[in-house]
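What follows is the content of coords.txt, which has compact mmCIF, C-alpha atoms:
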# COMPACT_ATOMS: atom_id res chain seq x y z
CA MET D 217 18.09 -6.95 0.70
CA ASP D 218 18.75 -3.86 2.85
CA MET D 219 16.44 -0.87 3.19
CA ASN D 220 18.15 1.04 0.37
CA GLN D 221 17.33 -1.81 -2.03
CA THR D 222 13.72 -2.26 -0.93
CA PRO D 223 11.38 -2.16 -3.98
CA LEU D 224 8.93 0.75 -4.10
CA ALA D 225 6.02 -1.71 -3.86
CA ASN D 226 7.26 -2.84 -0.45
CA ARG D 227 7.83 0.65 0.97
CA TYR D 228 5.42 2.50 3.25
CA ALA D 229 3.85 5.05 0.88
CA ILE D 230 3.39 8.64 2.10
CA GLY D 231 1.58 10.96 -0.31
CA LEU D 232 1.69 14.76 -0.21
CA PHE D 233 -1.54 16.44 -1.33
CA GLY D 234 -2.75 20.03 -1.43
CA ARG D 235 -3.29 23.10 -3.55
CA ARG D 236 -0.81 24.31 -6.14
CA ASN D 237 2.02 26.30 -4.57
CA ALA D 238 1.29 25.07 -1.05
CA GLY D 239 4.91 23.92 -0.91
CA LYS D 240 4.54 20.13 -1.32
CA SER D 241 7.70 19.78 -3.40
CA SER D 242 9.68 22.01 -1.03
CA LEU D 243 8.43 19.88 1.86
CA ILE D 244 9.67 16.70 0.20
CA ASN D 245 13.07 18.32 -0.21
CA ALA D 246 13.05 19.29 3.47
CA LEU D 247 11.99 15.81 4.62
CA THR D 248 14.66 14.07 2.54
CA GLY D 249 17.35 16.71 2.99
CA GLN D 250 17.92 16.61 -0.77
CA PRO D 251 16.74 18.76 -3.70
CA VAL D 252 14.86 15.85 -5.27
CA ALA D 253 11.73 17.77 -6.36
CA VAL D 254 11.67 20.77 -8.67
CA THR D 255 10.28 23.84 -6.89
CA SER D 256 9.06 27.18 -8.18
CA ASP D 257 6.84 30.07 -7.18
CA VAL D 258 4.85 29.36 -10.34
CA PRO D 259 1.74 27.33 -9.44
CA GLY D 260 1.47 23.93 -11.10
CA THR D 261 5.20 23.14 -11.34
CA THR D 262 4.55 19.53 -10.32
CA THR D 263 2.51 17.82 -13.04
CA ASP D 264 2.85 14.05 -12.71
CA PRO D 265 3.41 12.26 -9.39
CA VAL D 266 7.09 12.16 -8.37
CA LYS D 267 8.39 9.45 -6.00
CA LYS D 268 11.39 9.62 -3.68
CA ALA D 269 12.55 6.67 -1.59
CA MET D 270 14.10 7.21 1.82
CA GLU D 271 14.41 5.55 5.24
CA LEU D 272 12.43 6.85 8.19
CA LEU D 273 13.08 4.89 11.36
CA PRO D 274 11.39 3.15 13.07
CA ILE D 275 8.99 2.82 10.10
CA GLY D 276 11.83 1.68 7.82
CA PRO D 277 11.80 2.08 4.03
CA VAL D 278 9.27 4.67 2.87
CA VAL D 279 8.45 6.37 -0.43
CA LEU D 280 7.33 10.00 -0.55
CA ILE D 281 4.93 10.82 -3.40
CA ASP D 282 4.72 14.42 -4.62
CA THR D 283 1.48 15.16 -6.50
CA ALA D 284 -0.05 17.85 -8.66
CA GLY D 285 -2.27 20.48 -7.06
CA LEU D 286 -5.81 19.52 -6.12
CA ASP D 287 -6.97 22.88 -7.51
CA ASP D 288 -5.36 22.47 -10.95
CA GLU D 289 -7.46 23.97 -13.74
CA GLY D 290 -8.41 23.34 -17.34
CA GLU D 291 -8.67 20.11 -19.30
CA LEU D 292 -5.04 19.17 -18.67
CA GLY D 293 -5.35 20.19 -15.02
CA ALA D 294 -8.35 17.88 -14.58
CA LYS D 295 -6.24 14.97 -15.84
CA ARG D 296 -3.48 15.90 -13.39
CA VAL D 297 -5.99 15.94 -10.52
CA GLU D 298 -7.24 12.53 -11.64
CA LYS D 299 -3.66 11.24 -11.46
CA THR D 300 -3.34 12.76 -8.00
CA TYR D 301 -6.42 10.91 -6.79
CA GLU D 302 -5.06 7.67 -8.31
CA GLU D 303 -2.15 7.90 -5.87
CA LEU D 304 -4.58 7.40 -2.97
CA ARG D 305 -4.83 3.78 -4.08
CA ARG D 306 -1.19 3.35 -3.09
CA CYS D 307 -0.90 5.58 -0.02
CA ASN D 308 -0.56 4.27 3.52
CA LEU D 309 -0.48 7.82 4.92
CA ALA D 310 -1.44 11.22 3.48
CA LEU D 311 0.12 14.58 4.29
CA VAL D 312 -2.41 17.28 3.44
CA VAL D 313 -0.34 20.42 2.88
CA ALA D 314 -1.89 23.90 3.23
CA ASP D 315 -0.37 27.37 3.11
CA ALA D 316 -0.44 28.62 6.72
CA ALA D 317 -1.19 32.17 5.57
CA LEU D 318 -4.25 31.05 3.59
CA GLY D 319 -5.48 28.54 6.16
CA VAL D 320 -7.54 25.42 5.59
CA SER D 321 -10.21 25.85 2.92
CA ALA D 322 -13.23 23.80 1.92
CA LEU D 323 -11.02 22.03 -0.64
CA GLU D 324 -8.65 20.63 2.00
CA GLU D 325 -11.57 19.75 4.27
CA ALA D 326 -13.32 17.86 1.45
CA PHE D 327 -10.09 15.99 0.70
CA LEU D 328 -9.71 15.04 4.37
CA SER D 329 -13.25 13.64 4.24
CA GLN D 330 -12.23 11.51 1.25
CA LEU D 331 -9.28 10.16 3.22
CA LYS D 332 -11.56 9.20 6.12
CA LYS D 333 -13.89 7.33 3.75
CA ARG D 334 -10.92 5.43 2.36
CA ALA D 335 -9.53 4.73 5.85
CA ILE D 336 -6.23 6.44 5.02
CA PRO D 337 -4.62 8.11 8.06
CA ALA D 338 -3.69 11.75 7.52
CA VAL D 339 -1.62 14.60 8.94
CA LEU D 340 -2.49 18.24 8.22
CA VAL D 341 0.68 20.22 7.48
CA LEU D 342 0.54 24.01 7.68
CA ASN D 343 3.52 24.97 5.55
CA LYS D 344 5.19 28.39 5.19
CA SER D 345 4.62 28.94 8.91
CA ASP D 346 7.66 31.22 9.06
CA ALA D 347 5.38 33.92 7.63
CA ALA D 348 2.23 33.06 9.60
CA ALA D 349 3.00 30.67 12.44
CA PRO D 350 -0.09 29.37 14.28
CA ASP D 351 0.36 28.93 18.03
CA GLY D 352 -0.13 25.65 19.88
CA ALA D 353 -3.69 26.47 20.90
CA ALA D 354 -4.70 27.23 17.31
CA LEU D 355 -3.14 23.99 16.07
CA ALA D 356 -4.91 21.98 18.79
CA ALA D 357 -8.26 23.57 17.94
CA LEU D 358 -7.77 22.90 14.22
CA SER D 359 -6.77 19.31 14.91
CA ALA D 360 -9.84 18.75 17.10
CA ARG D 361 -12.18 20.25 14.49
CA LEU D 362 -10.82 18.25 11.56
CA GLY D 363 -10.08 15.03 13.44
CA VAL D 364 -6.46 14.77 12.28
CA PRO D 365 -3.16 15.86 13.86
CA ALA D 366 -1.90 19.24 12.66
CA VAL D 367 1.74 20.33 12.44
CA ALA D 368 3.18 23.75 11.54
CA VAL D 369 6.36 23.70 9.46
CA SER D 370 8.52 25.85 7.26
CA ALA D 371 10.03 23.88 4.43
CA GLU D 372 12.19 26.90 3.63
CA THR D 373 13.83 27.26 7.06
CA GLY D 374 13.42 23.68 8.27
CA ALA D 375 11.42 24.74 11.33
CA GLY D 376 8.99 22.03 12.41
CA VAL D 377 10.32 19.38 10.00
CA GLU D 378 11.55 17.12 12.81
CA ALA D 379 8.19 17.52 14.56
CA LEU D 380 6.48 16.50 11.32
CA LYS D 381 8.68 13.39 11.04
CA ALA D 382 7.72 12.49 14.61
CA GLN D 383 4.03 12.91 13.76
CA ILE D 384 4.40 10.78 10.63
CA ILE D 385 5.88 8.02 12.77
CA ALA D 386 3.11 8.40 15.36
CA SER D 387 0.40 8.30 12.66
CA ALA D 388 1.78 5.31 10.75
CA ARG D 389 -0.52 2.33 11.09
CA PHE D 390 0.71 -1.22 11.13
CA GLU D 391 -2.37 -3.23 12.11
CA ASP D 392 -0.87 -6.48 10.87
CA ALA D 393 2.68 -7.77 10.81
CA GLU D 394 4.14 -7.91 7.31
CA PRO D 395 3.21 -11.32 5.86
CA ALA D 396 5.88 -13.81 4.92
CA LEU D 397 6.28 -14.73 1.29
CA VAL D 398 7.31 -18.33 1.95
CA GLY D 399 9.13 -18.26 5.31
CA ASP D 400 6.10 -19.40 7.32
CA LEU D 401 5.80 -22.50 5.14
CA ILE D 402 9.31 -23.84 5.76
CA ARG D 403 11.60 -24.60 8.68
CA SER D 404 15.24 -23.97 9.43
CA GLY D 405 17.40 -26.42 7.49
CA ASP D 406 14.81 -27.12 4.77
CA ALA D 407 15.78 -27.14 1.11
CA VAL D 408 13.53 -25.40 -1.42
CA VAL D 409 13.94 -25.84 -5.17
CA LEU D 410 13.13 -22.80 -7.30
CA VAL D 411 12.49 -23.32 -11.02
CA THR D 412 13.32 -20.06 -12.80
CA PRO D 413 13.22 -20.05 -16.59
CA ILE D 414 15.42 -17.36 -18.07
CA ASP D 415 13.52 -15.94 -21.04
CA LYS D 416 13.91 -12.82 -23.16
CA ALA D 417 11.67 -10.80 -20.82
CA ALA D 418 13.95 -11.36 -17.83
CA PRO D 419 16.21 -8.36 -17.06
CA LYS D 420 19.73 -9.06 -18.31
CA GLY D 421 21.99 -10.18 -15.50
CA ARG D 422 19.17 -10.32 -12.92
CA LEU D 423 16.34 -12.48 -11.71
CA ILE D 424 12.84 -11.04 -11.69
CA LEU D 425 11.62 -9.52 -8.43
CA PRO D 426 9.44 -12.39 -7.09
CA GLN D 427 12.37 -14.78 -7.52
CA GLN D 428 14.73 -12.43 -5.69
CA GLN D 429 12.28 -11.89 -2.84
CA THR D 430 11.59 -15.61 -2.47
CA ILE D 431 15.28 -16.45 -2.31
CA ARG D 432 15.82 -13.77 0.34
CA ASP D 433 12.87 -15.03 2.41
CA ILE D 434 14.18 -18.59 2.24
CA LEU D 435 17.65 -17.49 3.38
CA ASP D 436 16.14 -15.37 6.17
CA SER D 437 14.43 -18.57 7.37
CA ASP D 438 17.83 -20.33 7.58
CA ALA D 439 16.78 -22.67 4.80
CA THR D 440 18.55 -23.50 1.53
CA ALA D 441 17.45 -22.16 -1.86
CA ILE D 442 18.36 -24.35 -4.84
CA VAL D 443 17.81 -22.44 -8.08
CA VAL D 444 17.53 -24.29 -11.40
CA LYS D 445 16.23 -23.69 -14.90
CA GLU D 446 13.30 -25.79 -16.06
CA ASN D 447 15.54 -28.22 -17.92
CA GLY D 448 17.55 -28.98 -14.78
CA LEU D 449 14.77 -29.90 -12.34
CA ALA D 450 14.71 -33.67 -12.83
CA ASP D 451 18.48 -34.05 -12.38
CA THR D 452 18.44 -31.75 -9.36
CA LEU D 453 15.68 -33.68 -7.61
CA ALA D 454 17.54 -36.91 -8.28
CA SER D 455 20.81 -35.58 -6.89
CA VAL D 456 19.62 -33.68 -3.81
CA GLY D 457 20.54 -35.59 -0.68
CA LYS D 458 17.19 -35.07 1.02
CA LYS D 459 13.64 -34.47 -0.12
CA PRO D 460 12.99 -30.75 -0.69
CA ALA D 461 10.38 -29.08 1.49
CA MET D 462 8.76 -27.76 -1.67
CA VAL D 463 9.25 -26.82 -5.32
CA ILE D 464 8.35 -23.29 -6.43
CA THR D 465 8.08 -22.65 -10.15
CA ASP D 466 7.48 -19.91 -12.65
CA SER D 467 3.87 -20.37 -13.79
CA GLN D 468 4.85 -20.53 -17.47
CA VAL D 469 6.38 -23.98 -16.97
CA PHE D 470 3.83 -25.24 -14.42
CA ALA D 471 2.82 -28.33 -16.41
CA LYS D 472 6.39 -29.51 -17.05
CA VAL D 473 7.44 -28.94 -13.44
CA ALA D 474 4.33 -30.68 -12.09
CA ALA D 475 5.06 -33.73 -14.23
CA GLU D 476 8.66 -33.94 -12.97
CA THR D 477 7.96 -33.23 -9.28
CA PRO D 478 7.02 -36.33 -7.22
CA ALA D 479 3.52 -36.15 -5.74
CA ASP D 480 4.84 -36.19 -2.18
CA ILE D 481 6.75 -32.90 -2.70
CA PRO D 482 4.57 -29.77 -2.32
CA LEU D 483 4.43 -27.65 -5.45
CA THR D 484 3.37 -24.04 -5.98
CA SER D 485 4.36 -21.00 -8.05
CA PHE D 486 5.89 -17.58 -7.49
CA SER D 487 2.66 -16.00 -8.72
CA ILE D 488 0.53 -17.93 -6.21
CA LEU D 489 2.86 -17.01 -3.34
CA MET D 490 2.73 -13.38 -4.45
CA ALA D 491 -1.09 -13.48 -4.54
CA ARG D 492 -1.10 -14.59 -0.91
CA TYR D 493 1.50 -11.96 -0.01
CA LYS D 494 -0.62 -9.19 -1.55
CA GLY D 495 -3.94 -10.40 -0.10
CA LEU D 496 -5.48 -11.70 -3.34
CA LEU D 497 -5.15 -15.48 -3.02
CA GLU D 498 -8.56 -16.58 -1.71
CA THR D 499 -10.41 -14.21 -4.04
CA ALA D 500 -8.28 -15.41 -6.97
CA VAL D 501 -9.08 -19.06 -6.22
CA ARG D 502 -12.80 -18.25 -6.05
CA GLY D 503 -12.64 -16.18 -9.22
CA VAL D 504 -10.95 -18.72 -11.45
CA ALA D 505 -14.17 -20.76 -11.76
CA ALA D 506 -15.41 -18.02 -14.12
CA VAL D 507 -13.29 -19.65 -16.84
CA GLU D 508 -15.94 -22.36 -17.10
CA ARG D 509 -18.67 -19.79 -17.82
CA LEU D 510 -16.90 -17.97 -20.65
CA LYS D 511 -18.74 -17.79 -23.94
CA ASP D 512 -18.15 -16.40 -27.40
CA GLY D 513 -17.64 -12.64 -27.41
CA ASP D 514 -16.86 -12.29 -23.69
CA ARG D 515 -14.33 -9.60 -22.80
CA ILE D 516 -11.39 -10.47 -20.53
CA LEU D 517 -9.09 -7.92 -18.89
CA ILE D 518 -5.51 -9.06 -18.41
CA ALA D 519 -3.79 -6.62 -16.04
CA GLU D 520 -0.11 -6.25 -15.21
CA GLY D 521 1.39 -4.10 -12.49
CA CYS D 522 4.60 -3.34 -14.35
CA THR D 523 5.47 -2.02 -17.77
CA HIS D 524 7.98 -3.88 -19.89
CA HIS D 525 8.87 -4.36 -23.53
CA ARG D 526 6.52 -6.99 -24.96
CA GLN D 527 8.24 -10.04 -26.40
CA CYS D 528 6.86 -12.17 -29.23
CA ASN D 529 5.69 -14.84 -26.76
CA ASP D 530 4.67 -12.55 -23.89
CA ILE D 531 2.75 -14.29 -21.12
CA GLY D 532 0.06 -11.64 -20.66
CA THR D 533 -0.67 -10.75 -24.27
CA VAL D 534 0.10 -14.04 -26.02
CA LYS D 535 0.41 -17.14 -23.83
CA ILE D 536 -2.54 -16.73 -21.47
CA PRO D 537 -4.95 -15.59 -24.23
CA ASN D 538 -3.94 -18.63 -26.32
CA TRP D 539 -4.30 -21.01 -23.38
CA LEU D 540 -7.72 -19.52 -22.56
CA ARG D 541 -9.01 -19.94 -26.10
CA LYS D 542 -7.69 -23.48 -26.33
CA TYR D 543 -9.14 -24.48 -22.93
CA THR D 544 -12.57 -22.89 -23.41
CA GLY D 545 -12.99 -23.41 -27.14
CA VAL D 546 -14.66 -20.01 -27.44
CA GLU D 547 -13.64 -16.78 -29.11
CA LEU D 548 -12.76 -14.14 -26.53
CA GLU D 549 -12.09 -10.44 -26.68
CA ILE D 550 -8.90 -9.68 -24.73
CA ASP D 551 -8.03 -6.26 -23.33
CA THR D 552 -4.77 -5.52 -21.51
CA CYS D 553 -3.51 -2.82 -19.18
CA SER D 554 -0.20 -2.33 -17.44
CA GLY D 555 1.59 -0.21 -14.86
CA THR D 556 -0.60 2.24 -12.98
CA GLU D 557 -3.38 1.89 -15.58
CA PHE D 558 -6.41 0.05 -14.28
CA PRO D 559 -9.97 0.88 -15.38
CA GLU D 560 -12.39 1.83 -12.61
CA ASP D 561 -15.33 0.55 -14.67
CA LEU D 562 -15.00 -3.22 -15.02
CA SER D 563 -18.67 -3.92 -15.72
CA SER D 564 -18.10 -4.94 -19.35
CA TYR D 565 -15.68 -7.73 -18.42
CA ALA D 566 -16.52 -11.38 -17.80
CA MET D 567 -13.43 -11.69 -15.63
CA VAL D 568 -10.11 -10.04 -14.73
CA ILE D 569 -6.82 -11.95 -14.77
CA HIS D 570 -4.08 -10.11 -12.89
CA CYS D 571 -0.35 -10.68 -12.73
CA GLY D 572 1.36 -11.53 -9.45
CA GLY D 573 1.50 -7.84 -8.56
CA CYS D 574 5.13 -7.83 -7.44
CA MET D 575 5.55 -4.19 -8.56
CA LEU D 576 2.39 -3.04 -6.77
CA GLY D 577 1.88 -2.38 -3.07
CA GLU D 578 -0.64 -4.46 -1.15
CA ARG D 579 -3.00 -1.48 -0.89
CA GLU D 580 -3.08 -1.10 -4.68
CA VAL D 581 -3.68 -4.83 -5.24
CA ARG D 582 -6.50 -4.82 -2.68
CA TYR D 583 -7.98 -1.73 -4.34
CA ARG D 584 -8.10 -3.50 -7.70
CA MET D 585 -9.55 -6.61 -6.07
CA LYS D 586 -12.24 -4.54 -4.35
CA CYS D 587 -13.13 -2.79 -7.63
CA ALA D 588 -13.80 -6.19 -9.18
CA ILE D 589 -15.71 -7.54 -6.18
CA ASP D 590 -17.88 -4.42 -5.87
CA GLN D 591 -18.85 -4.70 -9.55
CA GLY D 592 -19.47 -8.44 -9.41
CA VAL D 593 -16.59 -9.25 -11.76
CA PRO D 594 -14.54 -12.39 -10.93
CA ILE D 595 -10.82 -11.71 -10.54
CA THR D 596 -7.99 -14.23 -10.48
CA ASN D 597 -4.26 -14.16 -11.21
CA TYR D 598 -1.76 -15.65 -13.63
CA GLY D 599 -0.57 -18.52 -11.45
CA ILE D 600 -4.07 -19.58 -10.42
CA VAL D 601 -5.59 -19.52 -13.90
CA ILE D 602 -2.63 -21.37 -15.45
CA ALA D 603 -2.70 -24.05 -12.75
CA TYR D 604 -6.48 -24.39 -13.17
CA MET D 605 -6.36 -24.80 -16.96
CA GLN D 606 -3.55 -27.36 -16.61
CA GLY D 607 -5.47 -29.39 -14.03
CA ILE D 608 -3.05 -28.83 -11.15
CA LEU D 609 -4.75 -26.08 -9.13
CA LYS D 610 -5.64 -28.32 -6.19
CA ARG D 611 -2.04 -29.48 -5.92
CA SER D 612 -0.59 -25.99 -6.34
CA VAL D 613 -2.55 -24.57 -3.38
CA ALA D 614 -2.40 -27.67 -1.15
CA LEU D 615 0.08 -25.76 1.05
CA PHE D 616 -2.88 -23.62 2.12
CA PRO D 617 -5.51 -26.04 3.53
CA ASP D 618 -7.90 -23.19 4.38
CA LEU D 619 -8.52 -22.81 0.63
CA ALA D 620 -10.02 -26.30 0.28
CA ALA D 621 -13.53 -24.97 0.86
CA VAL D 622 -13.30 -22.42 -1.97
CA LEU D 623 -11.60 -24.57 -4.62
CA PRO D 624 -13.69 -24.87 -7.79
CA GLU D 625 -15.02 -28.33 -8.53
CA GLY D 626 -13.43 -30.44 -11.19
Would you mind writing the structure in this file as structure tokens?
Amino acid sequence: MDMNQTPLANRYAIGLFGRRNAGKSSLINALTGQPVAVTSDVPGTTTDPVKKAMELLPIGPVVLIDTAGLDDEGELGAKRVEKTYEELRRCNLALVVADAALGVSALEEAFLSQLKKRAIPAVLVLNKSDAAAPDGAALAALSARLGVPAVAVSAETGAGVEALKAQIIASARFEDAEPALVGDLIRSGDAVVLVTPIDKAAPKGRLILPQQQTIRDILDSDATAIVVKENGLADTLASVGKKPAMVITDSQVFAKVAAETPADIPLTSFSILMARYKGLLETAVRGVAAVERLKDGDRILIAEGCTHHRQCNDIGTVKIPNWLRKYTGVELEIDTCSGTEFPEDLSSYAMVIHCGGCMLGEREVRYRMKCAIDQGVPITNYGIVIAYMQGILKRSVALFPDLAAVLPEG
């Protein structure tokens, strides 16, 4: 997968924030060199967040997020501002855009304070500087006062755009190397069997994203990916010339695959690997024990990071609720959310069960995890809860020995 094909969830997210008519959309057009965002002199042209993918070396694949004005007004405007603030959950870097002629107001300063609290690095961009260009001394003084780098640009003429790109690169934080999905668990020359059921929810002609990413990671590790449907696993294992390094399965067929995979072959699921990749795994393993405490009338939130057409046997709205009720023997109240929807108030829920999060960035997944932890609500994910209810959790996370201490008993 080259940079042009990188999913949005795996791109470095750069959000543009500021007042209406500060020139955020024009700045996106200047940064990308394309008229991707609609611009107008009328304040409030941008309503919902707009995303544009591009490459910015040496960062690599990035996504620029254009947002509605922080000063939007009225009932509808308040909802737009709420959506703007939601984008902070996904942003790795924020560009706070101000009109150079108007200067930095209390609104921009308050927003910069919010960014500091959330540990999101920021760059102050004084746009429209062709009309009121601050000199170097003024920029340095502003930067020192606000504690963020400041750059003067003109999205209209292009002046300062290259300097802004350089500052974006300088401000980008990469504290940790990008984690491997499966590559650190295998060696060159290994064979890995992937069990990938093809159901009605799978995109026609394509594999779902976690399967694609796992295959690519295996190939990047100079190992061999053997892809089979669930009804071909037994024959494949019997015919492979050497013992596979592991079997990775879709969680929906966990029980069948576990029964057909010899005990000496490590077994896990795409969902469990994705939980580790997004930083949720240990918390999800701890949280799954809440299943044992469920009682009649408890509310469960089942959250998905993507939106798709629900099928008659959908995993999130049908299969997992049915498995939960059968396993616990209690009557549960199930709520669902999908896409960017995720309630900030989780206090009414007995637990949260999240999907693998393949369509969400790590920052967003960690935000949702922290919301649950801060409110004392256990959170787990699809692969973990399915493995637990089917009695194969210990086996499915045996690849990660550091989790032994947090595995639920039983």
**Asked** So which residues touch Cys522 in chain D within 8 Å, counting all atoms listed in the file, skipping near sequence neighbours fewer than 2 positions away, as a VMD selection string?
**Response** chain D and resid 520 524 554 to 556 573 575 to 576
**Message:** Can you pull out the residues contacting Gly285 in chain D? Cut-off 6 Å, using all atoms listed in the file, and skip same-chain residues under 3 positions away; I want them as a list in words.
**Reply:** Gly234, Arg235, Arg236 and Asp288 of chain D
**Proximity to Tyr583 in chain D - best of D:Leu280, D:Ala269, D:Leu449, D:Cys307, only C-alpha atoms** = D:Cys307
**Message:** List as a VMD selection string the protein and nucleic acid residues near Cys587 in chain D, meaning an atom at most 10 Å away when all atoms listed in the file are counted, but skip any in the same chain fewer than 6 places from it.
**Reply:** chain D and resid 558 to 563 581 593 595
**Request:** May I ask which of the residues D:Ala229, D:Met462, D:Val341, D:Val613 is the closest one to Ser487 in chain D, counting all atoms listed in the file?
**Result:** D:Val613
**Complete:** From CA of Arg306 in chain D to CA of Gly532 in chain D the spacing works out at 23.1 Å
**Message:** Neighbouring residues of Ala322 in chain D were defined as those with any atom within 12 Å, considering only C-alpha atoms; residues of the same chain fewer than 6 positions away were excluded. Please report them as a PyMOL selection string.
**Reply:** chain D and resi 234-235+286-287+314+328-329+362
**Prompt:** Which is closest to Val463 in chain D among D:Ile424, D:Leu615, D:Ile414, D:Ala316, if we use all atoms listed in the file?
**Reply:** D:Leu615
**Request:** Would you please work out which residue, of D:Ala603, D:Ile536, D:Glu547, D:Ile336, is nearest to Thr465 in chain D when using all atoms listed in the file?
**Result:** D:Ala603
**Request:** Enumerate, as a PyMOL selection string, the protein, DNA and RNA residues whose atoms approach (-17.3, -23.1, -0.1) to within 12 Å, taking into account only C-alpha atoms and the coordinate frame of the file.
**Result:** chain D and resi 498-499+501-502+618-625
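For the pair CA of Leu397 in chain D and CA of Thr452 in chain D, the interatomic distance is 23.5 Å.
Rounded to one decimal, CA of Lys511 in chain D and CA of Arg584 in chain D lie 24.1 Å from each other.
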Please tabulate, as a tab-separated table, the residues of range 394-487 of chain D that come within 9 Å of range 605-608 of chain D, each with its closest pair of atoms and the distance in Å to one decimal, counting all atoms listed in the file and ordering rows by chain, then residue number upward.
residue	atom	partner	partner_atom	distance
D:Phe470	CA	D:Gln606	CA	8.0
D:Ala471	CA	D:Gln606	CA	6.4
D:Ala474	CA	D:Ile608	CA	7.7
**Asked** Gln427 in chain D: which residues within 9 Å, counting all atoms listed in the file, same-chain residues fewer than 5 positions away excluded, as a ChimeraX atom specification?
**Response** /D:410,412,432,466,486
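You can rank D:Ile589, D:Val507, D:Leu292, D:Leu247 by their closest distance to Thr373 in chain D using all atoms listed in the file, and at the top of that list sits D:Leu247.
Among the candidates D:Glu446, D:Glu289, D:Asp590, D:Glu578, the one nearest to Val411 in chain D when counting all atoms listed in the file is D:Glu446.
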Starting from the incomplete input, reconstruct N, CA and C atoms of range 228-241 of chain D and write that as a short mmCIF file (atom, residue, chain, number, x, y, z; two decimals), in the frame of the given file.
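Output saved as selection_6.cif:
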data_model
loop_
_atom_site.label_atom_id
_atom_site.label_comp_id
_atom_site.auth_asym_id
_atom_site.auth_seq_id
_atom_site.Cartn_x
_atom_site.Cartn_y
_atom_site.Cartn_z
N TYR D 228 6.56 1.80 2.66
CA TYR D 228 5.42 2.50 3.25
C TYR D 228 5.23 3.79 2.46
N ALA D 229 4.06 3.95 1.82
CA ALA D 229 3.85 5.05 0.88
C ALA D 229 3.21 6.25 1.58
N ILE D 230 3.87 7.40 1.49
CA ILE D 230 3.39 8.64 2.10
C ILE D 230 3.16 9.66 0.98
N GLY D 231 1.90 10.02 0.76
CA GLY D 231 1.58 10.96 -0.31
C GLY D 231 1.42 12.37 0.22
N LEU D 232 1.86 13.35 -0.56
CA LEU D 232 1.69 14.76 -0.21
C LEU D 232 0.64 15.36 -1.15
N PHE D 233 -0.41 15.93 -0.57
CA PHE D 233 -1.54 16.44 -1.33
C PHE D 233 -1.87 17.86 -0.88
N GLY D 234 -2.36 18.67 -1.78
CA GLY D 234 -2.75 20.03 -1.43
C GLY D 234 -2.89 20.89 -2.67
N ARG D 235 -3.15 22.17 -2.44
CA ARG D 235 -3.29 23.10 -3.55
C ARG D 235 -1.96 23.32 -4.26
N ARG D 236 -2.04 23.89 -5.45
CA ARG D 236 -0.81 24.31 -6.14
C ARG D 236 -0.11 25.38 -5.29
N ASN D 237 1.18 25.31 -5.25
CA ASN D 237 2.02 26.30 -4.57
C ASN D 237 1.86 26.29 -3.05
N ALA D 238 1.35 25.18 -2.52
CA ALA D 238 1.29 25.07 -1.05
C ALA D 238 2.65 24.68 -0.48
N GLY D 239 3.57 24.28 -1.36
CA GLY D 239 4.91 23.92 -0.91
C GLY D 239 5.12 22.43 -0.72
N LYS D 240 4.39 21.59 -1.46
CA LYS D 240 4.54 20.13 -1.32
C LYS D 240 5.93 19.68 -1.76
N SER D 241 6.39 20.18 -2.90
CA SER D 241 7.70 19.78 -3.40
C SER D 241 8.81 20.26 -2.47
#
